[in-house]
Amino acid sequence: MASRRTPRLMALALLPVVLLSAACGGADESPGGTAPDSGARLTMWVRNTAGESAKKLVALYNKSHRNQIKLTVIPAETFQQKVGAAAGARQLPDLLGADVVYSPNYVKQGIFQDITQAATSLPSKDNLSQAHQQVATRDGKIYGLPLLVDSSLMIYNKDLFAKAGLDPDKPPADFDGIYEAAKAVRALGGKTYGFYFPGNCSGCLAYTMMPSAAAAKTPVLSQDGTKARLDSPALTSLAELYRKMYAEGLVPSGAKSDDGTTWTTAFMAGQIGMVPIGTFAFPDLATKARFAWGVAPFTAPDGGANATFVGGDVIGVTRGSEHYAQAVDFLTWSVTDEPQLEVWAKDGHLTPRFDLAGNKYTQNNPARVAAVEGLRDGFTPSALPYGEIFNSQTGPWLQGLRGYIFNGDTAALTKAQQAVQATLDQAR
């Protein structure tokens, strides 16, 4: 991502159900049937995480269409509150881009209109990452398409690997490999450590630990977001790996208190062998890293399968829009070649289309190509109380992991599982 994701961006509160329900009452008329490019004036809101590229996206659309879109970029910290107030006042924009993990709430509360016909008719539909659409789907109907896409993965320092006697072109492929590589890099001594993770950032740990459980076919959340499994063998094994590496000093002590604000600091300084992170770090790595680096997918404990957490933003047409056909015209255009390449790829972002993974902007960047290809194994967990459970600093997800990793409480994940399931049950 061009704008670095922070824990504050990852810990936004959910929109109140009652507010959204009130906002949508009485707005059940059918979408208008006017020409898709009729010269309509539309409004669009996005979070500032997508802001600069979204400005270019809208400018490109406005230049080539009679329709004209007025874009408003809103700070991510206040985005949910802004949308909630606008929903209550029936003043939502025509097009709304929002954090992908909160899209199930928008869909359930009727904020987004059904775009199933347009989504299933896309020429690129078979090459389009499905993670965003899946969490914006309800009862078989699709309500959103990808806007901004990022993906979690492991980044490693090739120079440190070489110095430690490891093959810099072969990153660890399973949990045992991660541990052995971390030991080898730490043996270099001084301020050099084998591994790092932000141990006090709930959203960061969800983004980077959930994929291993998904790869092992025991995802932390069921696809419908009603069942949790925090105490699966895969997640327990990963928590045990983190506990062991931290206890043995393979991870800097500062990891325990890091809320995400210094997530990449030591790695950028060339002092860390491996860090689970996301593609939003690519721009900084490209300009600041003074060492060779590579990427590796998150794996199941035995390395038998890979997975990635697909983050970013979904965009949809709001329920109150009087320009449905024109808004859908923008959505379908946004996933065509020109905007995908000349806006998102050119700006250093991932394109959600697998067939565009290798392009003129990525041909010399194998990490980005690998990240786009990795979206085939991508998932986006969803649940109505997702923020309360997985992004809150006081939520059961973070407390369970910290209890296990830093306190050695082997029952911590089971306790967290019980608390999470109770919260999911209450939200149904």
# chains A, B, ... in the order shown; residues from 1 in each chain; ligands from 1
>>> residues_around(residues="stretch 390-407 of chain A", least_positions_apart="3", cutoff="10 Å", atoms="only C-alpha atoms", output="JSON, numbers by chain")
{"A": [7, 8, 9, 10, 11, 12, 13, 199, 200, 201, 202, 203, 204, 205, 206, 207, 230, 231, 235, 236, 238, 239, 240, 241, 242, 243, 244, 245, 246, 247, 256, 259, 383, 385, 386, 387, 410, 411, 412, 413, 414, 415, 416, 417, 418, 419, 420, 423]}
>>> select_by_dssp(residues="stretch 110-299 of chain A", states="helix (DSSP H, G or I)", output="CSV table (one decimal) with N, CA, C and O atoms, in the first residue's frame")
chain,number,residue,atom,x,y,z
A,116,THR,N,-24.8,-8.3,-8.5
A,116,THR,CA,-24.5,-9.7,-9.0
A,116,THR,C,-24.4,-9.8,-10.5
A,116,THR,O,-23.5,-10.4,-11.0
A,117,GLN,N,-25.4,-9.3,-11.2
A,117,GLN,CA,-25.4,-9.4,-12.7
A,117,GLN,C,-24.1,-8.8,-13.3
A,117,GLN,O,-23.5,-9.5,-14.2
A,118,ALA,N,-23.7,-7.7,-12.8
A,118,ALA,CA,-22.6,-7.0,-13.4
A,118,ALA,C,-21.3,-7.8,-13.0
A,118,ALA,O,-20.4,-8.0,-13.8
A,119,ALA,N,-21.2,-8.3,-11.8
A,119,ALA,CA,-20.0,-9.0,-11.3
A,119,ALA,C,-19.8,-10.3,-12.0
A,119,ALA,O,-18.7,-10.7,-12.4
A,120,THR,N,-20.9,-11.0,-12.3
A,120,THR,CA,-20.8,-12.3,-12.9
A,120,THR,C,-20.7,-12.2,-14.4
A,120,THR,O,-20.4,-13.2,-15.1
A,125,LYS,N,-13.8,-12.1,-14.9
A,125,LYS,CA,-14.3,-12.7,-13.6
A,125,LYS,C,-13.5,-14.0,-13.2
A,125,LYS,O,-13.3,-14.2,-12.1
A,126,ASP,N,-13.1,-14.8,-14.2
A,126,ASP,CA,-12.3,-16.0,-13.9
A,126,ASP,C,-10.9,-15.7,-13.5
A,126,ASP,O,-10.2,-16.6,-13.0
A,127,ASN,N,-10.4,-14.5,-13.7
A,127,ASN,CA,-9.1,-14.2,-13.3
A,127,ASN,C,-9.0,-13.1,-12.2
A,127,ASN,O,-8.0,-12.6,-11.8
A,131,ALA,N,-11.6,-13.3,-3.0
A,131,ALA,CA,-11.6,-13.0,-1.6
A,131,ALA,C,-12.5,-11.8,-1.2
A,131,ALA,O,-13.4,-11.9,-0.3
A,132,HIS,N,-12.4,-10.7,-1.9
A,132,HIS,CA,-13.2,-9.5,-1.6
A,132,HIS,C,-14.6,-9.8,-1.9
A,132,HIS,O,-15.5,-9.3,-1.2
A,133,GLN,N,-14.9,-10.4,-3.1
A,133,GLN,CA,-16.3,-10.7,-3.4
A,133,GLN,C,-17.0,-11.6,-2.4
A,133,GLN,O,-18.2,-11.5,-2.1
A,134,GLN,N,-16.2,-12.6,-1.9
A,134,GLN,CA,-16.8,-13.6,-1.0
A,134,GLN,C,-17.3,-12.9,0.2
A,134,GLN,O,-18.4,-13.3,0.7
A,135,VAL,N,-16.6,-12.0,0.8
A,135,VAL,CA,-17.0,-11.3,2.0
A,135,VAL,C,-18.1,-10.3,1.8
A,135,VAL,O,-18.7,-9.8,2.7
A,158,LYS,N,17.7,-11.4,2.4
A,158,LYS,CA,18.6,-12.4,1.7
A,158,LYS,C,20.1,-12.3,2.1
A,158,LYS,O,20.8,-13.3,2.2
A,159,ASP,N,20.5,-11.0,2.4
A,159,ASP,CA,21.9,-10.8,2.8
A,159,ASP,C,22.2,-11.5,4.1
A,159,ASP,O,23.3,-12.2,4.2
A,160,LEU,N,21.3,-11.4,5.1
A,160,LEU,CA,21.5,-12.0,6.3
A,160,LEU,C,21.5,-13.6,6.2
A,160,LEU,O,22.2,-14.3,6.8
A,161,PHE,N,20.6,-14.1,5.3
A,161,PHE,CA,20.5,-15.5,5.1
A,161,PHE,C,21.9,-16.0,4.6
A,161,PHE,O,22.4,-17.0,5.0
A,162,ALA,N,22.4,-15.3,3.6
A,162,ALA,CA,23.7,-15.7,3.0
A,162,ALA,C,24.8,-15.7,4.1
A,162,ALA,O,25.6,-16.6,4.2
A,163,LYS,N,24.9,-14.6,4.9
A,163,LYS,CA,25.9,-14.5,6.0
A,163,LYS,C,25.7,-15.6,7.0
A,163,LYS,O,26.7,-16.1,7.6
A,175,PHE,N,7.3,-24.7,9.4
A,175,PHE,CA,7.5,-24.2,10.7
A,175,PHE,C,8.9,-24.5,11.2
A,175,PHE,O,9.6,-23.7,11.8
A,176,ASP,N,9.3,-25.8,11.0
A,176,ASP,CA,10.7,-26.2,11.4
A,176,ASP,C,11.7,-25.3,10.7
A,176,ASP,O,12.7,-24.9,11.3
A,177,GLY,N,11.5,-25.1,9.4
A,177,GLY,CA,12.5,-24.3,8.7
A,177,GLY,C,12.6,-22.9,9.2
A,177,GLY,O,13.7,-22.3,9.2
A,178,ILE,N,11.4,-22.3,9.6
A,178,ILE,CA,11.4,-20.9,10.1
A,178,ILE,C,12.3,-20.9,11.4
A,178,ILE,O,13.1,-20.0,11.6
A,179,TYR,N,12.1,-21.9,12.3
A,179,TYR,CA,12.8,-21.9,13.5
A,179,TYR,C,14.3,-22.0,13.3
A,179,TYR,O,15.1,-21.3,13.9
A,180,GLU,N,14.7,-23.0,12.4
A,180,GLU,CA,16.1,-23.2,12.2
A,180,GLU,C,16.8,-22.0,11.5
A,180,GLU,O,17.9,-21.6,11.8
A,181,ALA,N,16.1,-21.3,10.6
A,181,ALA,CA,16.6,-20.1,9.9
A,181,ALA,C,16.7,-19.0,10.9
A,181,ALA,O,17.7,-18.3,10.9
A,182,ALA,N,15.8,-18.9,11.8
A,182,ALA,CA,15.8,-17.8,12.9
A,182,ALA,C,17.1,-18.0,13.8
A,182,ALA,O,17.8,-17.1,14.1
A,183,LYS,N,17.3,-19.3,14.1
A,183,LYS,CA,18.5,-19.6,15.0
A,183,LYS,C,19.8,-19.3,14.2
A,183,LYS,O,20.7,-18.7,14.8
A,184,ALA,N,19.8,-19.6,13.0
A,184,ALA,CA,21.1,-19.4,12.2
A,184,ALA,C,21.4,-17.9,12.1
A,184,ALA,O,22.5,-17.4,12.2
A,185,VAL,N,20.3,-17.1,11.8
A,185,VAL,CA,20.5,-15.6,11.7
A,185,VAL,C,20.9,-15.0,13.0
A,185,VAL,O,21.8,-14.1,13.1
A,186,ARG,N,20.2,-15.4,14.1
A,186,ARG,CA,20.5,-14.9,15.4
A,186,ARG,C,22.0,-15.2,15.8
A,186,ARG,O,22.6,-14.4,16.5
A,202,SER,N,-3.3,-6.4,17.6
A,202,SER,CA,-4.3,-7.4,17.3
A,202,SER,C,-4.5,-7.6,15.8
A,202,SER,O,-4.5,-8.7,15.3
A,203,GLY,N,-4.7,-6.5,15.1
A,203,GLY,CA,-5.0,-6.6,13.6
A,203,GLY,C,-3.8,-7.2,12.9
A,203,GLY,O,-3.9,-7.9,11.9
A,204,CYS,N,-2.6,-6.7,13.3
A,204,CYS,CA,-1.4,-7.2,12.6
A,204,CYS,C,-1.2,-8.7,12.8
A,204,CYS,O,-0.9,-9.4,11.8
A,205,LEU,N,-1.5,-9.3,13.9
A,205,LEU,CA,-1.4,-10.7,14.2
A,205,LEU,C,-2.5,-11.5,13.4
A,205,LEU,O,-2.2,-12.6,13.0
A,206,ALA,N,-3.7,-10.9,13.3
A,206,ALA,CA,-4.7,-11.5,12.5
A,206,ALA,C,-4.3,-11.6,11.1
A,206,ALA,O,-4.4,-12.7,10.4
A,207,TYR,N,-3.7,-10.6,10.6
A,207,TYR,CA,-3.3,-10.5,9.2
A,207,TYR,C,-2.2,-11.5,8.8
A,207,TYR,O,-2.1,-12.0,7.7
A,208,THR,N,-1.4,-11.8,9.8
A,208,THR,CA,-0.2,-12.6,9.5
A,208,THR,C,-0.2,-14.0,10.1
A,208,THR,O,0.6,-14.8,9.8
A,209,MET,N,-1.1,-14.3,11.1
A,209,MET,CA,-1.2,-15.6,11.7
A,209,MET,C,-2.3,-16.4,11.2
A,209,MET,O,-2.2,-17.7,11.1
A,210,MET,N,-3.4,-15.8,10.8
A,210,MET,CA,-4.6,-16.5,10.3
A,210,MET,C,-4.3,-17.4,9.1
A,210,MET,O,-4.8,-18.5,8.9
A,211,PRO,N,-3.4,-16.9,8.1
A,211,PRO,CA,-3.2,-17.7,6.9
A,211,PRO,C,-2.7,-19.1,7.2
A,211,PRO,O,-3.0,-20.0,6.4
A,212,SER,N,-1.8,-19.3,8.2
A,212,SER,CA,-1.3,-20.6,8.4
A,212,SER,C,-2.4,-21.6,8.8
A,212,SER,O,-2.4,-22.8,8.5
A,213,ALA,N,-3.4,-21.1,9.6
A,213,ALA,CA,-4.5,-21.9,10.0
A,213,ALA,C,-5.4,-22.2,8.8
A,213,ALA,O,-5.9,-23.3,8.6
A,214,ALA,N,-5.6,-21.2,7.9
A,214,ALA,CA,-6.3,-21.4,6.7
A,214,ALA,C,-5.7,-22.4,5.8
A,214,ALA,O,-6.3,-23.3,5.1
A,215,ALA,N,-4.3,-22.3,5.7
A,215,ALA,CA,-3.6,-23.3,4.8
A,215,ALA,C,-3.7,-24.7,5.3
A,215,ALA,O,-3.7,-25.7,4.5
A,233,PRO,N,-5.0,-27.2,15.9
A,233,PRO,CA,-3.6,-27.6,16.0
A,233,PRO,C,-2.7,-26.7,15.2
A,233,PRO,O,-1.6,-26.4,15.7
A,234,ALA,N,-3.1,-26.1,14.1
A,234,ALA,CA,-2.3,-25.3,13.3
A,234,ALA,C,-2.0,-24.0,14.0
A,234,ALA,O,-0.8,-23.5,14.1
A,235,LEU,N,-3.0,-23.3,14.5
A,235,LEU,CA,-2.8,-22.0,15.1
A,235,LEU,C,-2.0,-22.2,16.4
A,235,LEU,O,-1.2,-21.4,16.8
A,236,THR,N,-2.3,-23.3,17.1
A,236,THR,CA,-1.6,-23.6,18.4
A,236,THR,C,-0.1,-23.8,18.1
A,236,THR,O,0.8,-23.3,18.8
A,237,SER,N,0.2,-24.5,17.0
A,237,SER,CA,1.6,-24.7,16.6
A,237,SER,C,2.3,-23.4,16.2
A,237,SER,O,3.5,-23.3,16.6
A,238,LEU,N,1.6,-22.5,15.6
A,238,LEU,CA,2.2,-21.2,15.3
A,238,LEU,C,2.4,-20.4,16.5
A,238,LEU,O,3.5,-19.8,16.7
A,239,ALA,N,1.5,-20.4,17.4
A,239,ALA,CA,1.7,-19.7,18.7
A,239,ALA,C,2.8,-20.3,19.5
A,239,ALA,O,3.6,-19.6,20.1
A,240,GLU,N,3.0,-21.6,19.4
A,240,GLU,CA,4.1,-22.3,20.1
A,240,GLU,C,5.4,-21.9,19.4
A,240,GLU,O,6.4,-21.7,20.1
A,241,LEU,N,5.4,-21.8,18.1
A,241,LEU,CA,6.6,-21.4,17.4
A,241,LEU,C,7.1,-20.0,17.8
A,241,LEU,O,8.2,-19.7,18.1
A,242,TYR,N,6.1,-19.1,17.9
A,242,TYR,CA,6.4,-17.7,18.3
A,242,TYR,C,6.9,-17.7,19.8
A,242,TYR,O,7.8,-16.9,20.1
A,243,ARG,N,6.2,-18.5,20.6
A,243,ARG,CA,6.6,-18.5,22.0
A,243,ARG,C,8.0,-19.0,22.2
A,243,ARG,O,8.8,-18.4,22.9
A,244,LYS,N,8.4,-20.0,21.5
A,244,LYS,CA,9.7,-20.6,21.5
A,244,LYS,C,10.8,-19.7,21.0
A,244,LYS,O,11.8,-19.5,21.7
A,245,MET,N,10.5,-19.0,19.9
A,245,MET,CA,11.5,-18.1,19.4
A,245,MET,C,11.7,-16.9,20.3
A,245,MET,O,12.8,-16.4,20.5
A,246,TYR,N,10.6,-16.4,20.9
A,246,TYR,CA,10.7,-15.2,21.8
A,246,TYR,C,11.4,-15.6,23.0
A,246,TYR,O,12.3,-14.9,23.5
A,247,ALA,N,11.1,-16.8,23.6
A,247,ALA,CA,11.7,-17.3,24.8
A,247,ALA,C,13.2,-17.5,24.7
A,247,ALA,O,14.0,-17.3,25.6
A,253,SER,N,13.2,-8.3,22.3
A,253,SER,CA,12.3,-8.2,23.4
A,253,SER,C,11.2,-7.1,23.2
A,253,SER,O,10.1,-7.2,23.7
A,254,GLY,N,11.5,-6.1,22.3
A,254,GLY,CA,10.6,-5.1,22.0
A,254,GLY,C,9.3,-5.6,21.3
A,254,GLY,O,8.3,-4.8,21.2
A,255,ALA,N,9.4,-6.8,20.8
A,255,ALA,CA,8.2,-7.3,20.1
A,255,ALA,C,7.0,-7.4,21.0
A,255,ALA,O,5.9,-7.3,20.6
A,256,LYS,N,7.2,-7.6,22.3
A,256,LYS,CA,6.1,-7.8,23.2
A,256,LYS,C,5.3,-6.6,23.3
A,256,LYS,O,4.0,-6.7,23.5
A,265,THR,N,10.6,-1.4,11.5
A,265,THR,CA,11.8,-0.5,11.7
A,265,THR,C,13.1,-1.3,11.7
A,265,THR,O,14.1,-1.0,11.0
A,266,ALA,N,13.2,-2.3,12.5
A,266,ALA,CA,14.4,-3.1,12.6
A,266,ALA,C,14.7,-3.9,11.4
A,266,ALA,O,15.9,-4.0,11.0
A,267,PHE,N,13.7,-4.3,10.7
A,267,PHE,CA,13.9,-5.1,9.4
A,267,PHE,C,14.5,-4.1,8.4
A,267,PHE,O,15.4,-4.5,7.7
A,268,MET,N,13.9,-2.9,8.3
A,268,MET,CA,14.4,-1.9,7.3
A,268,MET,C,15.9,-1.6,7.6
A,268,MET,O,16.7,-1.2,6.7
A,279,THR,N,2.0,-6.7,1.7
A,279,THR,CA,2.5,-6.1,0.5
A,279,THR,C,2.5,-4.5,0.6
A,279,THR,O,3.1,-3.8,-0.2
A,280,PHE,N,1.8,-4.0,1.6
A,280,PHE,CA,1.8,-2.6,1.8
A,280,PHE,C,3.2,-2.1,2.2
A,280,PHE,O,3.5,-0.9,2.1
A,281,ALA,N,4.1,-3.0,2.6
A,281,ALA,CA,5.5,-2.6,2.9
A,281,ALA,C,6.4,-2.5,1.7
A,281,ALA,O,7.5,-2.0,1.8
A,282,PHE,N,5.9,-3.0,0.6
A,282,PHE,CA,6.7,-3.0,-0.6
A,282,PHE,C,7.3,-1.6,-1.1
A,282,PHE,O,8.5,-1.5,-1.4
A,283,PRO,N,6.5,-0.6,-1.1
A,283,PRO,CA,7.0,0.7,-1.5
A,283,PRO,C,8.2,1.2,-0.6
A,283,PRO,O,9.2,1.7,-1.1
A,284,ASP,N,8.0,1.0,0.7
A,284,ASP,CA,9.1,1.4,1.6
A,284,ASP,C,10.4,0.6,1.4
A,284,ASP,O,11.5,1.0,1.4
A,285,LEU,N,10.2,-0.7,1.2
A,285,LEU,CA,11.3,-1.6,0.9
A,285,LEU,C,12.0,-1.2,-0.3
A,285,LEU,O,13.3,-1.3,-0.4
A,286,ALA,N,11.3,-0.9,-1.3
A,286,ALA,CA,11.9,-0.5,-2.6
A,286,ALA,C,12.8,0.7,-2.5
A,286,ALA,O,13.8,0.8,-3.3
A,287,THR,N,12.4,1.6,-1.6
A,287,THR,CA,13.2,2.9,-1.6
A,287,THR,C,14.1,3.0,-0.4
A,287,THR,O,15.1,3.7,-0.4
A,288,LYS,N,13.9,2.2,0.7
A,288,LYS,CA,14.7,2.3,1.9
A,288,LYS,C,15.6,1.1,2.2
A,288,LYS,O,16.6,1.3,2.9
>>> residues_around(residues="A:Thr72", least_positions_apart="2", cutoff="7 Å", atoms="only C-alpha atoms", output="list in words")
Met44, Trp45, Val46, Lys70 and Ile74 of chain A
>>> residues_around(residues="stretch 139-147 of chain A", least_positions_apart="2", cutoff="6 Å", atoms="only C-alpha atoms", output="list in words")
Phe112, Gln113, Asp114, Ile115, Thr116, His132, Gln133, Ala136, Thr137, Asp313, Val314, Ile315 and Gly316 of chain A
>>> write_last_selection(atoms="N, CA, C and O atoms", output="short mmCIF file (atom, residue, chain, number, x, y, z; two decimals), in the first residue's frame")
data_model
loop_
_atom_site.label_atom_id
_atom_site.label_comp_id
_atom_site.auth_asym_id
_atom_site.auth_seq_id
_atom_site.Cartn_x
_atom_site.Cartn_y
_atom_site.Cartn_z
N PHE A 112 -25.17 -1.54 0.82
CA PHE A 112 -24.81 -1.76 -0.57
C PHE A 112 -25.96 -2.36 -1.37
O PHE A 112 -26.75 -3.16 -0.84
N GLN A 113 -26.01 -2.01 -2.65
CA GLN A 113 -26.98 -2.61 -3.56
C GLN A 113 -26.39 -3.85 -4.24
O GLN A 113 -25.17 -3.98 -4.37
N ASP A 114 -27.27 -4.71 -4.68
CA ASP A 114 -26.91 -5.95 -5.37
C ASP A 114 -26.29 -5.62 -6.74
O ASP A 114 -26.88 -4.91 -7.55
N ILE A 115 -25.08 -6.16 -6.98
CA ILE A 115 -24.42 -5.97 -8.28
C ILE A 115 -24.07 -7.32 -8.91
O ILE A 115 -23.16 -7.43 -9.72
N THR A 116 -24.83 -8.35 -8.54
CA THR A 116 -24.50 -9.71 -8.97
C THR A 116 -24.41 -9.84 -10.49
O THR A 116 -23.46 -10.44 -11.00
N HIS A 132 -12.36 -10.71 -1.92
CA HIS A 132 -13.16 -9.53 -1.64
C HIS A 132 -14.65 -9.77 -1.94
O HIS A 132 -15.52 -9.35 -1.18
N GLN A 133 -14.92 -10.42 -3.06
CA GLN A 133 -16.31 -10.66 -3.42
C GLN A 133 -16.99 -11.61 -2.45
O GLN A 133 -18.18 -11.47 -2.15
N ALA A 136 -18.24 -9.89 0.52
CA ALA A 136 -19.29 -8.93 0.16
C ALA A 136 -20.45 -9.65 -0.51
O ALA A 136 -21.19 -9.07 -1.31
N THR A 137 -20.60 -10.93 -0.21
CA THR A 137 -21.69 -11.74 -0.76
C THR A 137 -22.61 -12.21 0.37
O THR A 137 -22.14 -12.59 1.45
N ASP A 313 -9.66 -2.88 0.37
CA ASP A 313 -10.96 -2.24 0.38
C ASP A 313 -11.88 -2.80 -0.70
O ASP A 313 -11.43 -3.11 -1.81
N VAL A 314 -13.14 -2.89 -0.35
CA VAL A 314 -14.21 -3.26 -1.28
C VAL A 314 -14.94 -1.99 -1.67
O VAL A 314 -15.06 -1.05 -0.88
N ILE A 315 -15.46 -1.94 -2.89
CA ILE A 315 -16.26 -0.80 -3.31
C ILE A 315 -17.61 -1.29 -3.82
O ILE A 315 -17.70 -2.32 -4.49
N GLY A 316 -18.66 -0.55 -3.46
CA GLY A 316 -20.00 -0.91 -3.90
C GLY A 316 -20.86 0.32 -4.13
O GLY A 316 -20.46 1.45 -3.84
#
>>> closest_atom_pairs(of="stretch 59-121 of chain A", to="stretch 339-348 of chain A", cutoff="12 Å", atoms="only C-alpha atoms", output="JSON lines")
{"residue": "A:Ala59", "atom": "CA", "partner": "A:Val343", "partner_atom": "CA", "distance": 10.1}
{"residue": "A:Leu60", "atom": "CA", "partner": "A:Pro339", "partner_atom": "CA", "distance": 7.5}
{"residue": "A:Tyr61", "atom": "CA", "partner": "A:Pro339", "partner_atom": "CA", "distance": 8.4}
{"residue": "A:Asn62", "atom": "CA", "partner": "A:Pro339", "partner_atom": "CA", "distance": 11.9}
{"residue": "A:Ser64", "atom": "CA", "partner": "A:Pro339", "partner_atom": "CA", "distance": 11.3}
>>> write_last_selection(atoms="C-alpha atoms", output="short mmCIF file (atom, residue, chain, number, x, y, z; two decimals), in the first residue's frame")
data_model
loop_
_atom_site.label_atom_id
_atom_site.label_comp_id
_atom_site.auth_asym_id
_atom_site.auth_seq_id
_atom_site.Cartn_x
_atom_site.Cartn_y
_atom_site.Cartn_z
CA ALA A 59 -9.38 11.30 -12.81
CA LEU A 60 -8.82 8.61 -15.45
CA TYR A 61 -12.51 7.71 -15.45
CA ASN A 62 -13.64 11.32 -15.63
CA SER A 64 -12.78 9.16 -20.63
#
>>> atom_distance(atom1="atom CA of A:Ala370", atom2="atom CA of A:Lys170")
14.2 Å
>>> residues_around(residues="A:Ile277", least_positions_apart="5", cutoff="7 Å", atoms="only C-alpha atoms", output="list in words")
Ser152, Leu153, Met154, Ile155 and Thr208 of chain A
>>> closest_residue(among="A:Ile111, A:Val275, A:Ala367, A:Ile389", to="A:Gly84", atoms="only C-alpha atoms")
A:Ile111
>>> decode(residues="stretch 34-40 of chain A", atoms="all heavy atoms", output="short mmCIF file (atom, residue, chain, number, x, y, z; two decimals), in the first residue's frame")
data_model
loop_
_atom_site.label_atom_id
_atom_site.label_comp_id
_atom_site.auth_asym_id
_atom_site.auth_seq_id
_atom_site.Cartn_x
_atom_site.Cartn_y
_atom_site.Cartn_z
N THR A 34 -31.33 4.16 -16.55
CA THR A 34 -30.79 5.06 -17.55
C THR A 34 -29.49 4.53 -18.13
O THR A 34 -28.90 3.58 -17.63
CB THR A 34 -30.57 6.46 -16.94
OG1 THR A 34 -29.73 6.31 -15.79
CG2 THR A 34 -31.88 7.09 -16.52
N ALA A 35 -29.01 5.17 -19.20
CA ALA A 35 -27.79 4.73 -19.87
C ALA A 35 -26.60 4.76 -18.92
O ALA A 35 -26.48 5.67 -18.10
CB ALA A 35 -27.52 5.62 -21.08
N PRO A 36 -25.69 3.77 -19.02
CA PRO A 36 -24.55 3.70 -18.10
C PRO A 36 -23.67 4.94 -18.11
O PRO A 36 -23.16 5.33 -17.07
CB PRO A 36 -23.79 2.47 -18.59
CG PRO A 36 -24.83 1.63 -19.24
CD PRO A 36 -25.76 2.59 -19.89
N ASP A 37 -23.46 5.54 -19.28
CA ASP A 37 -22.60 6.73 -19.35
C ASP A 37 -23.44 7.91 -19.87
O ASP A 37 -23.29 8.37 -20.99
CB ASP A 37 -21.41 6.47 -20.28
CG ASP A 37 -20.34 7.56 -20.16
OD1 ASP A 37 -20.38 8.32 -19.18
OD2 ASP A 37 -19.48 7.65 -21.06
N SER A 38 -24.31 8.39 -19.00
CA SER A 38 -25.31 9.38 -19.40
C SER A 38 -24.93 10.81 -19.04
O SER A 38 -25.70 11.73 -19.27
CB SER A 38 -26.64 9.05 -18.73
OG SER A 38 -26.49 9.11 -17.31
N GLY A 39 -23.74 10.99 -18.47
CA GLY A 39 -23.35 12.33 -18.03
C GLY A 39 -23.79 12.65 -16.61
O GLY A 39 -23.87 13.82 -16.23
N ALA A 40 -24.05 11.62 -15.83
CA ALA A 40 -24.49 11.82 -14.45
C ALA A 40 -23.35 12.33 -13.58
O ALA A 40 -22.17 12.13 -13.88
CB ALA A 40 -25.03 10.50 -13.88
#
